[in-house]
file upload.txt (compact mmCIF, C-alpha atoms)
# COMPACT_ATOMS: atom_id res chain seq x y z
CA MET A 375 -32.19 22.04 -66.78
CA TRP A 376 -34.98 23.45 -68.93
CA PHE A 377 -32.66 25.75 -70.88
CA ALA A 378 -30.31 23.00 -72.05
CA GLU A 379 -33.24 20.70 -72.82
CA ALA A 380 -34.92 23.36 -74.96
CA LEU A 381 -31.77 24.09 -76.95
CA LEU A 382 -30.94 20.43 -77.45
CA ALA A 383 -34.46 19.85 -78.78
CA TRP A 384 -34.26 22.89 -81.09
CA TYR A 385 -30.78 22.21 -82.50
CA PRO A 386 -31.30 18.97 -84.52
CA ARG A 387 -34.21 20.57 -86.41
CA HIS A 388 -32.39 23.80 -87.32
CA ARG A 389 -28.66 23.10 -87.46
CA ARG A 390 -26.80 23.98 -90.62
CA ASP A 391 -24.89 21.23 -92.39
CA LEU A 392 -21.31 22.48 -92.07
CA PRO A 393 -18.19 20.41 -92.82
CA TRP A 394 -16.48 20.93 -89.46
CA ARG A 395 -19.51 19.39 -87.75
CA HIS A 396 -18.72 16.05 -89.35
CA THR A 397 -15.37 15.53 -87.66
CA ARG A 398 -13.89 15.02 -84.23
CA ASP A 399 -10.40 15.80 -85.49
CA PRO A 400 -9.10 18.65 -83.29
CA TYR A 401 -7.03 20.06 -86.17
CA PHE A 402 -10.03 20.69 -88.42
CA ILE A 403 -12.14 21.94 -85.52
CA TRP A 404 -9.39 24.35 -84.50
CA LEU A 405 -8.96 25.45 -88.13
CA SER A 406 -12.67 26.26 -88.44
CA GLU A 407 -12.75 28.17 -85.16
CA VAL A 408 -9.75 30.34 -86.08
CA ILE A 409 -11.30 31.18 -89.46
CA LEU A 410 -14.77 31.88 -88.04
CA GLN A 411 -13.61 34.27 -85.33
CA GLN A 412 -14.96 37.72 -86.30
CA THR A 413 -16.18 36.17 -89.56
CA ARG A 414 -19.63 35.06 -90.71
CA VAL A 415 -20.04 31.40 -91.68
CA LYS A 416 -20.99 32.29 -95.25
CA GLN A 417 -17.78 34.28 -95.66
CA GLY A 418 -15.54 31.85 -93.79
CA LEU A 419 -16.69 28.58 -95.37
CA PRO A 420 -14.74 28.97 -98.66
CA TYR A 421 -11.59 29.77 -96.67
CA TYR A 422 -12.07 26.68 -94.50
CA LEU A 423 -12.41 24.52 -97.60
CA THR A 424 -9.30 26.10 -99.12
CA PHE A 425 -7.16 25.59 -96.02
CA SER A 426 -8.39 22.08 -95.27
CA SER A 427 -7.76 21.09 -98.89
CA ASN A 428 -4.31 22.68 -99.21
CA TYR A 429 -3.22 21.71 -95.69
CA PRO A 430 -4.95 18.41 -94.79
CA THR A 431 -2.78 17.97 -91.68
CA VAL A 432 -1.29 20.25 -89.08
CA GLN A 433 2.13 19.17 -90.33
CA ALA A 434 1.28 20.44 -93.83
CA LEU A 435 0.18 23.81 -92.47
CA ALA A 436 3.26 24.08 -90.27
CA ALA A 437 5.55 23.44 -93.25
CA ALA A 438 3.84 25.97 -95.54
CA PRO A 439 5.68 29.22 -96.44
CA PRO A 440 4.29 32.20 -94.48
CA ASP A 441 3.53 34.18 -97.65
CA GLU A 442 1.54 31.26 -99.02
CA VAL A 443 -0.57 31.05 -95.86
CA LEU A 444 -1.26 34.79 -95.97
CA ARG A 445 -2.14 34.54 -99.67
CA HIS A 446 -4.81 31.93 -98.92
CA TRP A 447 -6.11 34.15 -96.11
CA GLN A 448 -6.28 37.20 -98.37
CA GLY A 449 -9.58 39.07 -98.08
CA LEU A 450 -10.58 37.57 -94.73
CA GLY A 451 -9.10 40.40 -92.65
CA TYR A 452 -7.56 40.37 -89.17
CA TYR A 453 -4.35 38.94 -90.60
CA SER A 454 -2.80 38.40 -87.18
CA ARG A 455 -5.12 35.39 -86.95
CA ALA A 456 -3.41 33.84 -89.97
CA ARG A 457 0.07 34.51 -88.57
CA ASN A 458 -0.90 33.08 -85.18
CA MET A 459 -2.54 30.09 -86.85
CA HIS A 460 0.66 29.30 -88.75
CA TYR A 461 2.77 29.69 -85.62
CA THR A 462 0.39 27.49 -83.62
CA ALA A 463 0.61 24.74 -86.22
CA GLN A 464 4.40 24.86 -85.95
CA GLN A 465 4.12 24.79 -82.16
CA VAL A 466 1.87 21.71 -82.24
CA VAL A 467 4.40 19.93 -84.46
CA ALA A 468 7.50 21.03 -82.54
CA GLU A 469 6.26 20.84 -78.95
CA PHE A 470 3.40 18.34 -79.02
CA GLY A 471 4.60 15.81 -81.56
CA GLY A 472 2.01 16.85 -84.13
CA GLN A 473 -0.89 15.99 -81.81
CA PHE A 474 -3.23 18.68 -80.49
CA PRO A 475 -3.38 18.91 -76.67
CA ASP A 476 -6.35 16.92 -75.42
CA SER A 477 -7.69 19.18 -72.67
CA TYR A 478 -8.90 22.74 -72.22
CA ALA A 479 -6.03 23.61 -69.88
CA ARG A 480 -3.36 22.28 -72.24
CA LEU A 481 -4.93 23.87 -75.31
CA LEU A 482 -4.46 27.25 -73.63
CA LEU A 483 -0.70 26.66 -73.86
CA LEU A 484 -0.90 27.20 -77.62
CA LYS A 485 -0.14 30.66 -79.01
CA GLY A 486 -3.24 32.45 -80.24
CA VAL A 487 -5.60 29.98 -78.55
CA GLY A 488 -7.76 31.82 -76.07
CA GLN A 489 -10.54 30.67 -73.77
CA TYR A 490 -13.18 30.47 -76.49
CA THR A 491 -11.12 28.46 -78.98
CA ALA A 492 -9.80 26.14 -76.25
CA ALA A 493 -13.34 25.49 -75.04
CA ALA A 494 -14.59 24.82 -78.56
CA VAL A 495 -11.84 22.33 -79.40
CA ALA A 496 -11.97 20.65 -75.98
CA SER A 497 -15.73 20.13 -76.13
CA PHE A 498 -16.14 19.31 -79.84
CA ALA A 499 -13.12 17.01 -80.13
CA TYR A 500 -12.80 15.57 -76.61
CA ASP A 501 -16.27 16.02 -75.03
CA GLU A 502 -14.85 18.07 -72.17
CA PRO A 503 -17.71 19.92 -70.41
CA VAL A 504 -16.42 23.48 -70.74
CA ALA A 505 -18.76 26.10 -72.12
CA VAL A 506 -17.93 28.28 -75.12
CA LEU A 507 -18.46 32.02 -74.85
CA ASP A 508 -18.65 33.99 -78.09
CA GLY A 509 -20.81 36.87 -79.29
CA ASN A 510 -23.78 34.61 -79.95
CA VAL A 511 -23.59 33.06 -76.49
CA PHE A 512 -23.24 36.45 -74.78
CA ARG A 513 -26.37 37.63 -76.56
CA VAL A 514 -28.47 34.55 -75.79
CA LEU A 515 -27.52 34.47 -72.10
CA ALA A 516 -28.01 38.22 -71.64
CA ARG A 517 -31.50 38.13 -73.16
CA VAL A 518 -32.77 34.89 -71.67
CA PHE A 519 -31.50 35.50 -68.13
CA GLY A 520 -31.70 39.29 -68.06
CA LEU A 521 -28.00 39.99 -67.58
CA HIS A 522 -27.21 43.72 -67.81
CA HIS A 523 -23.42 43.46 -67.49
CA ASP A 524 -21.48 45.27 -70.19
CA ILE A 525 -20.15 42.48 -72.42
CA ALA A 526 -17.34 44.76 -73.62
CA ALA A 527 -15.97 44.94 -70.06
CA PRO A 528 -13.41 42.20 -69.23
CA ALA A 529 -14.90 41.78 -65.74
CA SER A 530 -18.23 40.72 -67.25
CA ARG A 531 -16.76 37.68 -68.94
CA LYS A 532 -16.33 35.87 -65.64
CA LYS A 533 -20.02 36.29 -64.78
CA PHE A 534 -21.17 35.02 -68.17
CA GLN A 535 -18.68 32.15 -68.09
CA GLN A 536 -19.87 31.03 -64.66
CA LEU A 537 -23.47 30.93 -65.88
CA ALA A 538 -22.58 29.11 -69.11
CA ASP A 539 -20.56 26.52 -67.19
CA GLN A 540 -23.53 25.92 -64.89
CA LEU A 541 -25.86 25.38 -67.86
CA ILE A 542 -23.76 22.98 -69.94
CA PRO A 543 -24.80 19.34 -69.49
CA ALA A 544 -21.84 17.11 -68.64
CA GLU A 545 -23.14 14.30 -70.85
CA GLN A 546 -23.63 16.45 -74.01
CA PRO A 547 -21.12 19.32 -73.93
CA ALA A 548 -20.37 19.36 -77.66
CA GLU A 549 -24.02 19.30 -78.69
CA PHE A 550 -24.92 22.02 -76.18
CA ASN A 551 -22.11 24.33 -77.27
CA GLN A 552 -23.04 23.91 -80.92
CA ALA A 553 -26.70 24.44 -80.08
CA ILE A 554 -26.34 27.69 -78.14
CA MET A 555 -24.08 29.23 -80.78
CA GLU A 556 -26.41 28.15 -83.59
CA PHE A 557 -29.39 29.47 -81.64
CA GLY A 558 -27.71 32.86 -81.41
CA ALA A 559 -26.79 32.82 -85.09
CA LEU A 560 -30.19 31.79 -86.45
CA GLN A 561 -32.90 32.48 -83.85
CA CYS A 562 -31.71 35.00 -81.28
CA THR A 563 -30.01 37.24 -83.84
CA PRO A 564 -28.53 40.69 -83.09
CA ALA A 565 -31.23 42.51 -85.06
CA LYS A 566 -34.81 41.31 -85.49
CA PRO A 567 -34.59 38.11 -83.42
CA ASP A 568 -37.33 35.61 -84.20
CA CYS A 569 -38.99 35.97 -80.80
CA MET A 570 -42.51 35.02 -81.95
CA PHE A 571 -41.42 31.51 -82.89
CA CYS A 572 -38.81 31.07 -80.16
CA PRO A 573 -39.18 27.86 -78.12
CA ILE A 574 -38.09 29.58 -74.90
CA GLN A 575 -39.96 32.89 -75.18
CA SER A 576 -42.12 32.14 -72.12
CA SER A 577 -38.98 31.97 -69.97
CA CYS A 578 -36.98 34.69 -71.71
CA PHE A 579 -36.40 37.86 -69.67
CA ALA A 580 -35.90 40.04 -72.76
CA PHE A 581 -39.12 38.85 -74.41
CA GLN A 582 -41.18 39.21 -71.26
CA HIS A 583 -39.87 42.74 -70.65
CA GLY A 584 -39.65 43.91 -74.25
CA MET A 585 -35.88 44.35 -74.00
CA ALA A 586 -34.51 42.29 -76.88
CA ALA A 587 -33.17 45.44 -78.52
CA GLU A 588 -31.45 46.60 -75.30
CA LEU A 589 -29.70 43.34 -74.47
CA PRO A 590 -26.90 42.55 -74.40
CA VAL A 591 -25.43 45.76 -73.03
CA LYS A 592 -22.28 46.74 -74.89
CA SER A 593 -20.41 50.00 -74.49
CA LYS A 594 -19.50 51.78 -77.70
CA ALA A 595 -16.02 51.36 -79.07
CA LYS A 596 -13.76 54.35 -79.49
CA ALA A 597 -14.17 56.25 -82.73
CA ALA A 598 -11.88 54.98 -85.47
CA ARG A 599 -8.97 57.26 -86.28
CA THR A 600 -8.39 58.30 -89.87
CA ARG A 601 -5.06 57.74 -91.63
CA TYR A 602 -4.08 59.15 -95.01
CA PHE A 603 -2.09 56.76 -97.19
CA HIS A 604 -0.49 57.97 -100.41
CA TYR A 605 0.69 54.98 -102.41
CA LEU A 606 3.35 55.51 -105.04
CA VAL A 607 2.66 52.91 -107.71
CA LEU A 608 6.11 52.91 -109.28
CA ARG A 609 6.11 51.26 -112.73
CA HIS A 610 8.74 50.58 -115.33
CA ALA A 611 8.06 48.68 -118.57
CA ASP A 612 6.00 45.61 -117.51
CA THR A 613 7.10 45.65 -113.88
CA VAL A 614 5.92 47.32 -110.68
CA TYR A 615 7.56 47.87 -107.29
CA LEU A 616 6.09 46.55 -104.04
CA ARG A 617 7.39 46.00 -100.53
CA LYS A 618 6.52 43.75 -97.61
CA ARG A 619 4.94 45.53 -94.66
CA GLY A 620 6.78 45.33 -91.36
CA PRO A 621 5.59 44.61 -87.81
CA LYS A 622 3.63 46.76 -85.36
CA ASP A 623 1.13 48.10 -87.86
CA ILE A 624 -1.86 46.97 -89.87
CA TRP A 625 -1.42 44.32 -92.58
CA GLU A 626 1.85 43.00 -91.18
CA GLY A 627 3.53 40.66 -93.65
CA LEU A 628 1.36 41.70 -96.59
CA TYR A 629 2.63 43.48 -99.69
CA ASP A 630 1.81 47.00 -100.85
CA PHE A 631 3.35 49.85 -102.81
CA ALA A 632 5.76 52.52 -101.62
CA LEU A 633 3.82 54.41 -98.97
CA HIS A 634 3.93 58.04 -97.96
CA GLU A 635 1.62 58.68 -94.99
CA THR A 636 0.53 62.26 -94.36
CA GLU A 637 -1.87 64.27 -92.20
CA SER A 638 -3.90 65.32 -95.22
CA ALA A 639 -5.90 63.72 -98.00
CA GLU A 640 -4.00 65.76 -100.56
CA LEU A 641 -0.41 65.28 -101.72
CA PRO A 642 1.10 68.24 -103.61
CA GLY A 643 2.90 67.38 -106.84
CA ALA A 644 6.23 68.72 -105.57
CA GLU A 645 6.02 66.49 -102.48
CA LEU A 646 5.14 63.49 -104.64
CA LEU A 647 8.12 64.14 -106.90
CA ALA A 648 10.42 64.57 -103.91
CA GLU A 649 9.27 61.24 -102.48
CA VAL A 650 9.96 59.47 -105.78
CA GLU A 651 13.44 60.99 -105.90
CA ARG A 652 14.04 60.02 -102.26
CA LEU A 653 13.45 56.42 -103.31
CA GLY A 654 16.03 56.79 -106.07
CA GLY A 655 13.55 57.10 -108.92
CA ARG A 656 13.47 59.39 -111.94
CA VAL A 657 10.07 60.15 -113.44
CA ALA A 658 9.68 59.38 -117.15
CA THR A 659 8.89 62.49 -119.17
CA ASP A 660 7.40 60.59 -122.11
CA ARG A 661 4.66 58.79 -120.20
CA VAL A 662 2.09 60.28 -117.86
CA GLY A 663 0.40 58.21 -115.18
CA GLU A 664 -3.33 58.06 -114.67
CA PRO A 665 -4.95 60.53 -112.25
CA ALA A 666 -4.74 59.51 -108.60
CA VAL A 667 -7.26 56.88 -107.60
CA ALA A 668 -8.98 57.36 -104.25
CA ALA A 669 -10.16 54.46 -102.07
CA ARG A 670 -11.40 54.01 -98.53
CA HIS A 671 -10.89 50.99 -96.28
CA ILE A 672 -12.50 50.72 -92.85
CA LEU A 673 -10.90 48.54 -90.18
CA SER A 674 -12.08 47.87 -86.64
CA HIS A 675 -10.18 50.80 -85.11
CA GLN A 676 -8.90 52.70 -88.13
CA LYS A 677 -10.18 54.23 -91.33
CA VAL A 678 -7.72 54.40 -94.20
CA GLU A 679 -8.20 57.11 -96.82
CA ALA A 680 -5.92 56.03 -99.65
CA ARG A 681 -4.72 57.67 -102.84
CA PHE A 682 -2.90 55.67 -105.49
CA HIS A 683 -0.47 57.77 -107.55
CA GLU A 684 0.74 55.97 -110.66
CA VAL A 685 4.31 56.96 -111.52
CA TRP A 686 6.16 55.75 -114.62
CA LEU A 687 9.91 55.62 -114.18
CA ALA A 688 12.53 56.50 -116.77
CA GLU A 689 14.67 53.58 -115.59
CA PRO A 690 14.63 50.90 -112.90
CA LEU A 691 15.05 52.11 -109.35
CA SER A 692 18.51 52.37 -107.89
CA ALA A 693 19.81 50.44 -104.91
CA THR A 694 18.17 53.06 -102.67
CA ALA A 695 14.83 51.39 -103.35
CA THR A 696 16.16 48.05 -102.18
CA SER A 697 17.18 49.56 -98.87
CA ALA A 698 13.62 50.91 -98.55
CA GLY A 699 12.29 47.37 -98.92
CA LEU A 700 10.99 47.76 -102.46
CA ALA A 701 11.43 44.94 -104.96
CA VAL A 702 10.43 44.65 -108.60
CA TYR A 703 7.73 42.22 -109.74
CA ARG A 704 6.08 41.22 -112.98
CA SER A 705 2.28 41.00 -113.17
CA GLU A 706 2.12 37.24 -112.77
CA GLU A 707 4.35 37.49 -109.70
CA VAL A 708 2.20 40.21 -108.12
CA GLU A 709 -0.79 37.90 -108.30
CA GLN A 710 0.93 35.39 -106.00
CA LEU A 711 1.82 37.89 -103.27
CA PRO A 712 -0.41 38.18 -100.17
CA LYS A 713 -2.06 41.60 -100.19
CA SER A 714 -4.76 43.49 -98.36
CA ILE A 715 -8.13 43.80 -100.07
CA LEU A 716 -7.39 47.50 -100.59
CA ILE A 717 -4.31 46.71 -102.69
CA THR A 718 -5.95 43.72 -104.38
CA ASN A 719 -8.89 45.79 -105.57
CA TYR A 720 -6.64 48.50 -106.99
CA ILE A 721 -4.46 46.00 -108.84
CA SER A 722 -7.51 44.21 -110.19
CA ASN A 723 -9.11 47.42 -111.44
CA LYS A 724 -5.87 48.65 -113.00
CA GLN A 725 -5.02 45.20 -114.37
CA ILE A 726 -1.44 45.41 -113.15
call {"tool": "encode", "arguments": {"input": "upload.txt", "output": "structure tokens"}}
result
Amino acid sequence: MWFAEALLAWYPRHRRDLPWRHTRDPYFIWLSEVILQQTRVKQGLPYYLTFSSNYPTVQALAAAPPDEVLRHWQGLGYYSRARNMHYTAQQVVAEFGGQFPDSYARLLLLKGVGQYTAAAVASFAYDEPVAVLDGNVFRVLARVFGLHHDIAAPASRKKFQQLADQLIPAEQPAEFNQAIMEFGALQCTPAKPDCMFCPIQSSCFAFQHGMAAELPVKSKAKAARTRYFHYLVLRHADTVYLRKRGPKDIWEGLYDFALHETESAELPGAELLAEVERLGGRVATDRVGEPAVAARHILSHQKVEARFHEVWLAEPLSATATSAGLAVYRSEEVEQLPKSILITNYISNKQI
């Protein structure tokens, strides 16, 4: 078909030289796809190099301590991907003898592996003719073929998938999938697509109708809710107290300070003192902490307005703190803990 032929002619001249394109090993292909989900190539490449170097086999990744995996992922966001990735590696070792499943259908049996990742691994590693469908592919198909289905609606995926599966050439599935994603990333970009020098502009619905800015159709996400985090940075001598975040909330498994969440951006001094005492702490009278440091962190569905309140303690915390999940760390130990970028930036600026 003309569409596949045009992309396959365009791709060799424009493709970026990326390390995961030089292997057919399903482990490294899977690793790259997990890292690049919701991440730009420029941002994800250093993480891919770090993971592939530290964990050269799926067995090495499976055997790694969870905190170590999260530490290497630090700053990439969407930390559930890292936890799922670690679990999947363990699943491959325990249930599949350390060998990745060799078909799209079997790859879907792995935790955290959805339709896109299964299609990518199946086509790139095993030449199975199943089309990938990511944001780049949605955009290219919507513009070229004039599809007005809302790509945020689950029902639309089936329509796009059917079209993509019709377009993929059975003899070159890997090359086609790479080509259409690269075309969306470099040529048919979200903003300011290079339509004037596009090899398929004469057959592109969006170009012919002046609708590149309107396609693809995507309904707006719900407004992010705001949360107010008041961190109690409890310090004594050359140590500081942190705790590991629990499940069912953002940053699961990462470390942060004692947290007091409120409905307001302000935390009265009396309430701060009461919270310290609730944790079993006694504020030092001979040392005053720095003024509260404000920071903002925007996530996909939440906006965190944070205040960091430095509190110097007269003595180490009592056992009450241990029951609250807090543990004492020296500076060099803090560096090794997996933390959100919000916490990392504060620690770096304060040189804790």
call {"tool": "residues_around", "arguments": {"input": "upload.txt", "residues": "Lys677 of chain A", "least_positions_apart": "4", "cutoff": "8 Å", "atoms": "all atoms listed in the file", "output": "list in words"}}
result
Ala598, Arg599, Thr600, Arg601, Arg670, His671, Ile672 and Leu673 of chain A
call {"tool": "atom_distance", "arguments": {"input": "upload.txt", "atom1": "atom CA of Ala463 of chain A", "atom2": "atom CA of Leu435 of chain A"}}
result
6.3 Å
call {"tool": "atom_distance", "arguments": {"input": "upload.txt", "atom1": "atom CA of Gly584 of chain A", "atom2": "atom CA of Met570 of chain A"}}
result
12.1 Å
call {"tool": "residues_around", "arguments": {"input": "upload.txt", "residues": "segment 424-433 of chain A", "least_positions_apart": "6", "cutoff": "9 Å", "atoms": "only C-alpha atoms", "output": "list in words"}}
result
Tyr401, Phe402, Leu405, Val443, His446, Trp447, Ala463, Gln464, Val466, Val467, Gly472, Gln473 and Phe474 of chain A
call {"tool": "residues_around", "arguments": {"input": "upload.txt", "residues": "Arg387 of chain A", "least_positions_apart": "5", "cutoff": "12 Å", "atoms": "only C-alpha atoms", "output": "PyMOL selection string"}}
result
chain A and resi 380-382+553+556-557+560
call {"tool": "residues_around", "arguments": {"input": "upload.txt", "residues": "segment 531-542 of chain A", "least_positions_apart": "2", "cutoff": "12 Å", "atoms": "all atoms listed in the file", "output": "count of residues only"}}
result
53
call {"tool": "decode", "arguments": {"input": "upload.txt", "residues": "segment 646-656 of chain A", "atoms": "all heavy atoms", "output": "compact mmCIF listing (two decimals), in the first residue's frame"}}
result
# COMPACT_ATOMS: atom_id res chain seq x y z
N LEU A 646 2.22 22.98 63.83
CA LEU A 646 3.51 22.37 63.50
C LEU A 646 4.14 21.76 64.74
O LEU A 646 4.61 20.61 64.72
CB LEU A 646 4.43 23.43 62.89
CG LEU A 646 5.90 23.01 62.67
CD1 LEU A 646 5.99 21.86 61.67
CD2 LEU A 646 6.72 24.21 62.18
N LEU A 647 4.13 22.52 65.84
CA LEU A 647 4.71 22.03 67.08
C LEU A 647 3.97 20.79 67.59
O LEU A 647 4.59 19.81 68.03
CB LEU A 647 4.66 23.13 68.14
CG LEU A 647 5.25 22.78 69.52
CD1 LEU A 647 6.72 22.40 69.39
CD2 LEU A 647 5.06 23.94 70.49
N ALA A 648 2.65 20.81 67.48
CA ALA A 648 1.85 19.68 67.92
C ALA A 648 2.16 18.43 67.10
O ALA A 648 2.19 17.31 67.62
CB ALA A 648 0.37 20.02 67.83
N GLU A 649 2.40 18.61 65.81
CA GLU A 649 2.72 17.48 64.94
C GLU A 649 4.08 16.89 65.30
O GLU A 649 4.26 15.66 65.30
CB GLU A 649 2.70 17.92 63.48
CG GLU A 649 2.82 16.80 62.46
CD GLU A 649 1.67 15.81 62.51
OE1 GLU A 649 0.61 16.13 63.07
OE2 GLU A 649 1.84 14.69 61.98
N VAL A 650 5.04 17.75 65.62
CA VAL A 650 6.36 17.27 66.03
C VAL A 650 6.23 16.46 67.32
O VAL A 650 6.81 15.37 67.47
CB VAL A 650 7.34 18.44 66.23
CG1 VAL A 650 8.67 17.94 66.81
CG2 VAL A 650 7.59 19.15 64.91
N GLU A 651 5.46 16.98 68.27
CA GLU A 651 5.28 16.29 69.55
C GLU A 651 4.53 14.98 69.36
O GLU A 651 4.80 13.98 70.05
CB GLU A 651 4.54 17.20 70.52
CG GLU A 651 5.36 18.43 70.94
CD GLU A 651 4.59 19.37 71.83
OE1 GLU A 651 3.34 19.24 71.91
OE2 GLU A 651 5.22 20.26 72.45
N ARG A 652 3.59 14.95 68.41
CA ARG A 652 2.85 13.72 68.14
C ARG A 652 3.80 12.62 67.66
O ARG A 652 3.59 11.43 67.93
CB ARG A 652 1.78 13.97 67.08
CG ARG A 652 0.85 12.78 66.81
CD ARG A 652 -0.10 13.06 65.67
NE ARG A 652 0.59 13.13 64.39
CZ ARG A 652 0.97 12.05 63.68
NH1 ARG A 652 0.72 10.85 64.13
NH2 ARG A 652 1.59 12.21 62.53
N LEU A 653 4.85 13.02 66.98
CA LEU A 653 5.84 12.06 66.49
C LEU A 653 6.88 11.71 67.55
O LEU A 653 7.81 10.95 67.28
CB LEU A 653 6.54 12.63 65.24
CG LEU A 653 5.65 12.79 64.00
CD1 LEU A 653 6.38 13.57 62.92
CD2 LEU A 653 5.20 11.43 63.47
N GLY A 654 6.72 12.29 68.74
CA GLY A 654 7.65 11.96 69.81
C GLY A 654 8.87 12.85 69.86
O GLY A 654 9.88 12.50 70.50
N GLY A 655 8.82 13.98 69.17
CA GLY A 655 9.98 14.87 69.11
C GLY A 655 9.87 16.04 70.07
O GLY A 655 8.78 16.46 70.44
N ARG A 656 11.04 16.58 70.45
CA ARG A 656 11.10 17.77 71.27
C ARG A 656 12.00 18.78 70.57
O ARG A 656 13.16 18.47 70.27
CB ARG A 656 11.64 17.44 72.67
CG ARG A 656 11.59 18.61 73.65
CD ARG A 656 11.80 18.12 75.07
NE ARG A 656 13.11 17.51 75.27
CZ ARG A 656 14.22 18.22 75.58
NH1 ARG A 656 14.15 19.54 75.71
NH2 ARG A 656 15.36 17.59 75.77
